$ cat query_21.tsv   # TSV, C-alpha atoms
chain	number	residue	atom	x	y	z
F	1	MET	CA	39.50	210.52	152.47
F	2	VAL	CA	39.10	211.94	148.95
F	3	ALA	CA	35.60	211.64	147.55
F	4	ASP	CA	35.01	209.45	144.51
F	5	TRP	CA	34.27	211.09	141.18
F	6	HIS	CA	30.65	212.21	141.03
F	7	PHE	CA	30.67	212.84	137.27
F	8	GLU	CA	33.02	212.17	134.36
F	9	ASN	CA	32.90	212.85	130.65
F	10	ASP	CA	35.40	213.35	127.83
F	11	TYR	CA	36.44	216.75	129.21
F	12	VAL	CA	36.25	216.86	132.98
F	13	ARG	CA	35.82	215.00	136.22
F	14	ILE	CA	33.74	216.43	139.05
F	15	ARG	CA	33.85	215.74	142.78
F	16	LYS	CA	30.87	216.71	144.93
F	17	VAL	CA	30.89	217.13	148.71
F	18	GLU	CA	28.04	218.17	150.99
F	19	VAL	CA	29.11	220.74	153.56
F	20	GLY	CA	27.64	222.96	156.26
F	21	THR	CA	24.41	222.93	158.22
F	22	LEU	CA	22.28	223.84	155.18
F	23	GLY	CA	23.47	220.90	153.11
F	24	ASN	CA	25.36	222.94	150.54
F	25	ASN	CA	27.03	221.21	147.64
F	26	ALA	CA	30.61	222.17	146.84
F	27	TYR	CA	32.16	220.92	143.62
F	28	VAL	CA	35.68	220.44	142.28
F	29	VAL	CA	35.72	220.51	138.48
F	30	VAL	CA	38.93	218.99	137.10
F	31	CYS	CA	40.36	219.01	133.58
F	32	GLY	CA	40.58	215.36	132.59
F	33	LYS	CA	43.88	215.85	130.76
F	34	THR	CA	45.89	218.25	132.89
F	35	GLY	CA	44.50	218.01	136.43
F	36	ALA	CA	43.85	221.76	136.62
F	37	SER	CA	40.70	222.45	138.62
F	38	VAL	CA	38.26	225.00	139.96
F	39	ILE	CA	36.21	224.86	143.13
F	40	VAL	CA	32.58	225.86	142.69
F	41	ASP	CA	31.01	227.31	145.86
F	42	ALA	CA	33.39	227.04	148.81
F	43	ALA	CA	30.39	227.03	151.10
F	44	ALA	CA	31.55	225.63	154.45
F	45	ASP	CA	33.89	223.06	156.05
F	46	PRO	CA	37.10	224.25	154.35
F	47	GLY	CA	39.03	221.11	155.26
F	48	THR	CA	36.50	218.95	153.42
F	49	ILE	CA	36.68	221.12	150.31
F	50	ILE	CA	40.48	221.22	150.34
F	51	ALA	CA	40.54	217.43	150.69
F	52	ALA	CA	38.18	217.13	147.72
F	53	ALA	CA	40.66	219.13	145.64
F	54	ALA	CA	43.58	216.87	146.62
F	55	GLY	CA	45.52	215.57	143.66
F	56	THR	CA	44.36	218.43	141.44
F	57	ASN	CA	45.78	221.87	140.70
F	58	PRO	CA	43.17	224.47	141.72
F	59	VAL	CA	43.23	227.80	139.90
F	60	ALA	CA	40.17	229.62	141.31
F	61	ILE	CA	37.01	229.48	143.39
F	62	LEU	CA	33.96	230.19	141.22
F	63	THR	CA	31.01	231.41	143.30
F	64	THR	CA	27.52	230.92	141.88
F	65	HIS	CA	26.03	233.76	143.93
F	66	GLY	CA	26.73	235.94	146.92
F	67	HIS	CA	24.60	234.38	149.67
F	68	ALA	CA	26.44	233.72	152.91
F	69	ASP	CA	25.86	229.97	152.86
F	70	HIS	CA	27.77	229.70	149.56
F	71	VAL	CA	30.91	231.56	150.64
F	72	GLY	CA	31.43	230.48	154.27
F	73	ALA	CA	34.73	228.70	153.54
F	74	ALA	CA	35.84	230.81	150.59
F	75	ARG	CA	38.38	233.01	152.32
F	76	THR	CA	39.98	230.08	154.19
F	77	VAL	CA	40.18	227.90	151.09
F	78	SER	CA	41.47	230.82	149.05
F	79	ALA	CA	44.28	231.49	151.53
F	80	GLU	CA	45.20	227.82	151.94
F	81	LEU	CA	45.39	227.12	148.20
F	82	ASP	CA	46.50	230.61	147.12
F	83	ILE	CA	43.71	231.02	144.58
F	84	PRO	CA	41.26	233.88	143.97
F	85	VAL	CA	37.57	233.98	144.87
F	86	LEU	CA	35.52	235.10	141.88
F	87	LEU	CA	31.92	236.39	142.00
F	88	ASN	CA	29.69	238.21	139.55
F	89	ASP	CA	29.94	241.94	140.31
F	90	ALA	CA	26.16	242.29	140.60
F	91	ASP	CA	26.25	240.31	143.87
F	92	ARG	CA	29.01	242.27	145.60
F	93	ASP	CA	26.53	244.29	147.67
F	94	ILE	CA	24.81	241.21	149.13
F	95	CYS	CA	27.92	239.10	149.70
F	96	PRO	CA	29.42	239.01	153.23
F	97	ILE	CA	32.97	238.68	151.84
F	98	VAL	CA	34.89	240.75	149.34
F	99	PRO	CA	35.81	238.66	146.28
F	100	ASP	CA	39.19	238.92	144.62
F	101	GLY	CA	37.77	239.41	141.16
F	102	ALA	CA	34.73	239.27	138.91
F	103	LEU	CA	33.23	236.08	137.53
F	104	VAL	CA	32.22	237.24	134.08
F	105	PRO	CA	30.09	235.41	131.51
F	106	GLY	CA	31.99	233.59	128.80
F	107	GLU	CA	34.66	230.95	128.47
F	108	PHE	CA	36.71	230.02	131.54
F	109	PRO	CA	39.72	227.82	130.72
F	110	VAL	CA	40.68	225.12	133.21
F	111	GLY	CA	43.72	223.38	131.80
F	112	GLU	CA	42.62	222.13	128.40
F	113	ALA	CA	38.94	222.13	129.38
F	114	VAL	CA	36.81	225.21	128.83
F	115	LEU	CA	33.88	225.95	131.12
F	116	ASP	CA	30.98	228.14	129.99
F	117	VAL	CA	30.08	230.76	132.60
F	118	ARG	CA	26.52	232.07	132.18
F	119	HIS	CA	24.84	234.94	134.05
F	120	THR	CA	21.39	233.81	135.24
F	121	PRO	CA	19.86	236.57	137.42
F	122	GLY	CA	16.64	236.05	139.33
F	123	HIS	CA	17.57	234.34	142.59
F	124	THR	CA	20.13	237.09	143.05
F	125	PRO	CA	21.21	239.82	140.61
F	126	GLY	CA	24.54	238.12	139.97
F	127	SER	CA	23.52	234.47	139.99
F	128	THR	CA	25.72	232.44	137.67
F	129	VAL	CA	25.78	228.88	136.38
F	130	ILE	CA	28.74	226.86	135.13
F	131	VAL	CA	28.21	224.69	132.05
F	132	VAL	CA	30.51	221.71	131.43
F	133	ALA	CA	30.80	220.81	127.77
F	134	GLY	CA	29.01	217.80	126.38
F	135	ALA	CA	27.09	216.96	123.25
F	136	GLY	CA	25.62	220.18	121.88
F	137	SER	CA	27.32	222.47	124.39
F	138	GLY	CA	30.81	223.35	123.32
F	139	GLY	CA	32.30	220.21	121.82
F	140	ASP	CA	30.22	217.48	120.25
F	141	THR	CA	31.91	214.17	121.00
F	142	GLY	CA	28.83	212.42	122.33
F	143	SER	CA	29.68	213.18	125.95
F	144	VAL	CA	26.89	214.04	128.36
F	145	GLY	CA	27.27	217.56	129.71
F	146	ALA	CA	26.50	219.09	133.07
F	147	VAL	CA	25.44	222.43	134.49
F	148	LEU	CA	26.26	223.54	138.03
F	149	THR	CA	23.27	225.71	138.82
F	150	GLY	CA	23.85	227.08	142.32
F	151	ASP	CA	20.43	228.14	143.59
F	152	THR	CA	19.01	228.95	140.14
F	153	LEU	CA	17.57	225.49	139.37
F	154	PHE	CA	16.73	222.50	141.57
F	155	PRO	CA	14.83	219.26	141.05
F	156	GLY	CA	11.24	220.44	141.04
F	157	GLY	CA	11.65	224.13	140.33
F	158	PRO	CA	13.65	227.35	140.23
F	159	GLY	CA	15.44	228.86	143.19
F	160	ALA	CA	13.68	231.09	145.69
F	161	THR	CA	12.68	234.60	144.62
F	162	ARG	CA	11.38	235.87	147.95
F	163	PHE	CA	14.20	238.36	148.51
F	164	PRO	CA	13.78	242.08	147.73
F	165	TYR	CA	16.40	241.84	144.98
F	166	SER	CA	14.96	238.61	143.48
F	167	ASP	CA	12.56	238.35	140.56
F	168	PHE	CA	10.51	235.31	139.50
F	169	ASP	CA	10.00	236.40	135.90
F	170	GLN	CA	13.71	237.08	135.61
F	171	ILE	CA	14.73	233.67	136.92
F	172	MET	CA	12.36	231.97	134.49
F	173	ASP	CA	13.81	234.05	131.65
F	174	SER	CA	17.29	232.95	132.77
F	175	LEU	CA	16.21	229.31	132.72
F	176	ASP	CA	14.79	229.68	129.21
F	177	ARG	CA	17.68	231.70	127.82
F	178	GLU	CA	20.73	230.09	129.40
F	179	ILE	CA	19.87	226.64	130.75
F	180	PHE	CA	16.97	224.91	129.02
F	181	LEU	CA	18.55	225.43	125.61
F	182	LEU	CA	20.99	222.70	126.62
F	183	PRO	CA	20.24	219.05	125.73
F	184	ASP	CA	17.78	217.02	127.79
F	185	GLU	CA	20.49	214.64	128.98
F	186	THR	CA	22.45	217.47	130.60
F	187	VAL	CA	22.98	216.70	134.29
F	188	VAL	CA	21.87	219.45	136.67
F	189	MET	CA	24.03	219.77	139.79
F	190	PRO	CA	22.40	222.27	142.16
F	191	GLY	CA	23.73	224.17	145.15
F	192	HIS	CA	21.81	221.92	147.55
F	193	GLY	CA	20.40	218.42	147.25
F	194	LEU	CA	20.36	215.82	144.51
F	195	ASP	CA	21.11	215.95	140.81
F	196	THR	CA	18.47	215.91	138.11
F	197	THR	CA	18.48	216.29	134.32
F	198	LEU	CA	17.04	218.99	132.10
F	199	GLY	CA	14.88	216.36	130.41
F	200	ALA	CA	13.33	215.40	133.74
F	201	GLU	CA	12.51	219.01	134.61
F	202	ARG	CA	11.51	220.46	131.23
F	203	PRO	CA	7.88	219.18	131.21
F	204	ALA	CA	7.17	221.03	134.47
F	205	LEU	CA	8.09	224.51	133.16
F	206	PRO	CA	4.44	225.50	132.50
F	207	GLU	CA	3.49	224.39	136.04
F	208	TRP	CA	6.29	226.50	137.56
F	209	ARG	CA	5.13	229.55	135.62
F	210	ALA	CA	1.53	229.03	136.71
F	211	ARG	CA	2.32	228.65	140.41
F	212	ARG	CA	5.07	231.37	140.28
F	213	TRP	CA	7.66	229.51	142.35
$ encode --input "query_21.tsv" --output "structure tokens"
Amino acid sequence: MVADWHFENDYVRIRKVEVGTLGNNAYVVVCGKTGASVIVDAAADPGTIIAAAAGTNPVAILTTHGHADHVGAARTVSAELDIPVLLNDADRDICPIVPDGALVPGEFPVGEAVLDVRHTPGHTPGSTVIVVAGAGSGGDTGSVGAVLTGDTLFPGGPGATRFPYSDFDQIMDSLDREIFLLPDETVVMPGHGLDTTLGAERPALPEWRARRW
């Protein structure tokens, strides 16, 4: 059964499925006009992810970072749908699979929609978020936007920085520079767990800095 739409605005539709033993979120971001799509984080359960992409025309797998729990189904989904796996080059050394190409910051066209790929190091060196246009973020039509944050931002705080290659100050800089400049109504869709909004999280930024997690 194909999942219902999790999010819709004037530009895109997004399906969300929870996969794997760690409760990873995988997303299918679909151009509302053409049906072209990308899969964000082919984490596990390839059949579930492929089913979520049914009725769309996938062009790539965009990987938010190189941790194993975010790429467990990537090679299978890539082969089944004949699409490349893309990952920021800075995470190649920590990723258990070899991507097909680099996920670079900037505009990423999906049909007539344009996603905004932003490099947000801190959780990992190559951590990346995907911004979906909304009011104030790439096309002001009054639509609410969204940001798929991987493990960079969750309800209640930033992603973990306990790894040798992680850095708390860097992840907070990434949040300030690339994410919290977006409007308060922007929906945050993380790599695990429930959505939130930037407006709900913004007041807690000083607390996060003080506790350093």
$ residues_around --input "query_21.tsv" --residues "segment 23-29 of chain F" --least-positions-apart "4" --cutoff "9 Å" --atoms "only C-alpha atoms" --output "JSON, numbers by chain"
{"F": [12, 13, 14, 15, 16, 17, 18, 19, 36, 37, 38, 39, 40, 41, 42, 43, 44, 49, 52, 53, 56, 58, 69, 70, 110, 132, 148, 150, 189, 190, 191, 192, 193]}
$ closest_residue --input "query_21.tsv" --among "F:Gly122, F:Gly101, F:Gly199, F:Pro164" --to "Ile83 of chain F" --atoms "all atoms listed in the file"
F:Gly101
$ closest_residue --input "query_21.tsv" --among "F:Thr197, F:Thr128, F:Asn57, F:Thr76" --to "Asn88 of chain F" --atoms "all atoms listed in the file"
F:Thr128
$ closest_residue --input "query_21.tsv" --among "F:Ala79, F:Thr186, F:Leu103, F:Phe168" --to "Asn9 of chain F" --atoms "only C-alpha atoms"
F:Thr186
$ axis_aligned_box --input "query_21.tsv" --around "segment 201-207 of chain F" --padding-each-side "4 Å" --output "lines of an AutoDock Vina configuration file"
center_x = 8.0
center_y = 222.3
center_z = 133.6
size_x = 17.0
size_y = 14.5
size_z = 12.8
$ closest_residue --input "query_21.tsv" --among "F:Ala113, F:Glu185, F:Gly159, F:Ala3" --to "Ser143 of chain F" --atoms "only C-alpha atoms"
F:Glu185
$ residues_around --input "query_21.tsv" --residues "Val187 of chain F" --least-positions-apart "3" --cutoff "7 Å" --atoms "only C-alpha atoms" --output "PDB file with C-alpha atoms, keeping the file's coordinate frame"
ATOM      1  CA  GLY F 145      27.270 217.560 129.710  1.00  0.00           C
ATOM      2  CA  ALA F 146      26.500 219.090 133.070  1.00  0.00           C
ATOM      3  CA  VAL F 147      25.440 222.430 134.490  1.00  0.00           C
ATOM      4  CA  ASP F 195      21.110 215.950 140.810  1.00  0.00           C
ATOM      5  CA  THR F 196      18.470 215.910 138.110  1.00  0.00           C
ATOM      6  CA  THR F 197      18.480 216.290 134.320  1.00  0.00           C
ATOM      7  CA  LEU F 198      17.040 218.990 132.100  1.00  0.00           C
TER       8      LEU F 198
END
$ closest_residue --input "query_21.tsv" --among "F:Arg162, F:Arg211, F:His65, F:Arg177" --to "Pro125 of chain F" --atoms "only C-alpha atoms"
F:His65
$ atom_distance --input "query_21.tsv" --atom1 "atom CA of Thr152 of chain F" --atom2 "atom CA of Ser174 of chain F"
8.6 Å
$ residues_near_point --input "query_21.tsv" --point "(16.4, 235.9, 142.5)" --cutoff "7 Å" --atoms "all atoms listed in the file" --output "mmCIF file with C-alpha atoms, in the frame of the given file"
data_model
loop_
_atom_site.group_PDB
_atom_site.id
_atom_site.type_symbol
_atom_site.label_atom_id
_atom_site.label_comp_id
_atom_site.auth_asym_id
_atom_site.auth_seq_id
_atom_site.Cartn_x
_atom_site.Cartn_y
_atom_site.Cartn_z
ATOM 1 C CA PRO F 121 19.860 236.570 137.420
ATOM 2 C CA GLY F 122 16.640 236.050 139.330
ATOM 3 C CA HIS F 123 17.570 234.340 142.590
ATOM 4 C CA THR F 124 20.130 237.090 143.050
ATOM 5 C CA PRO F 125 21.210 239.820 140.610
ATOM 6 C CA ALA F 160 13.680 231.090 145.690
ATOM 7 C CA THR F 161 12.680 234.600 144.620
ATOM 8 C CA PHE F 163 14.200 238.360 148.510
ATOM 9 C CA TYR F 165 16.400 241.840 144.980
ATOM 10 C CA SER F 166 14.960 238.610 143.480
ATOM 11 C CA ASP F 167 12.560 238.350 140.560
ATOM 12 C CA PHE F 168 10.510 235.310 139.500
ATOM 13 C CA ILE F 171 14.730 233.670 136.920
#
$ atom_distance --input "query_21.tsv" --atom1 "atom CA of Ala210 of chain F" --atom2 "atom CA of Ile179 of chain F"
19.4 Å
$ closest_residue --input "query_21.tsv" --among "F:Val188, F:Leu182, F:Val144, F:Trp208" --to "Pro158 of chain F" --atoms "all atoms listed in the file"
F:Trp208
$ decode --input "query_21.tsv" --residues "segment 22-66 of chain F" --atoms "C-alpha atoms" --output "compact mmCIF listing (two decimals), in the first residue's frame"
# COMPACT_ATOMS: atom_id res chain seq x y z
CA LEU F 22 16.32 2.42 14.47
CA GLY F 23 13.13 4.08 13.28
CA ASN F 24 14.69 5.92 10.35
CA ASN F 25 12.57 8.21 8.24
CA ALA F 26 12.83 7.88 4.47
CA TYR F 27 11.19 10.49 2.28
CA VAL F 28 10.03 10.71 -1.33
CA VAL F 29 9.94 14.31 -2.51
CA VAL F 30 7.81 14.68 -5.65
CA CYS F 31 7.42 17.60 -8.05
CA GLY F 32 3.76 18.54 -7.88
CA LYS F 33 3.56 19.28 -11.61
CA THR F 34 5.65 16.59 -13.29
CA GLY F 35 5.81 13.64 -10.88
CA ALA F 36 9.61 13.60 -10.92
CA SER F 37 10.95 12.64 -7.49
CA VAL F 38 13.95 12.06 -5.28
CA ILE F 39 14.31 9.66 -2.38
CA VAL F 40 15.93 11.17 0.70
CA ASP F 41 17.77 8.60 2.85
CA ALA F 42 17.19 5.07 1.56
CA ALA F 43 17.82 3.80 5.06
CA ALA F 44 16.37 0.27 5.24
CA ASP F 45 13.49 -1.91 4.01
CA PRO F 46 14.00 -1.28 0.28
CA GLY F 47 10.60 -2.69 -0.67
CA THR F 48 8.86 -0.13 1.54
CA ILE F 49 10.84 2.74 0.03
CA ILE F 50 10.25 1.56 -3.53
CA ALA F 51 6.53 1.27 -2.79
CA ALA F 52 6.54 4.82 -1.42
CA ALA F 53 7.98 6.01 -4.73
CA ALA F 54 5.27 4.23 -6.75
CA GLY F 55 3.51 6.49 -9.22
CA THR F 56 6.45 8.91 -9.33
CA ASN F 57 9.54 9.12 -11.51
CA PRO F 58 12.61 8.91 -9.24
CA VAL F 59 15.79 10.56 -10.47
CA ALA F 60 18.19 10.12 -7.51
CA ILE F 61 18.72 9.10 -3.90
CA LEU F 62 19.88 12.08 -1.84
CA THR F 63 21.69 10.97 1.32
CA THR F 64 21.79 13.38 4.25
CA HIS F 65 24.93 11.84 5.73
CA GLY F 66 27.06 8.74 5.58
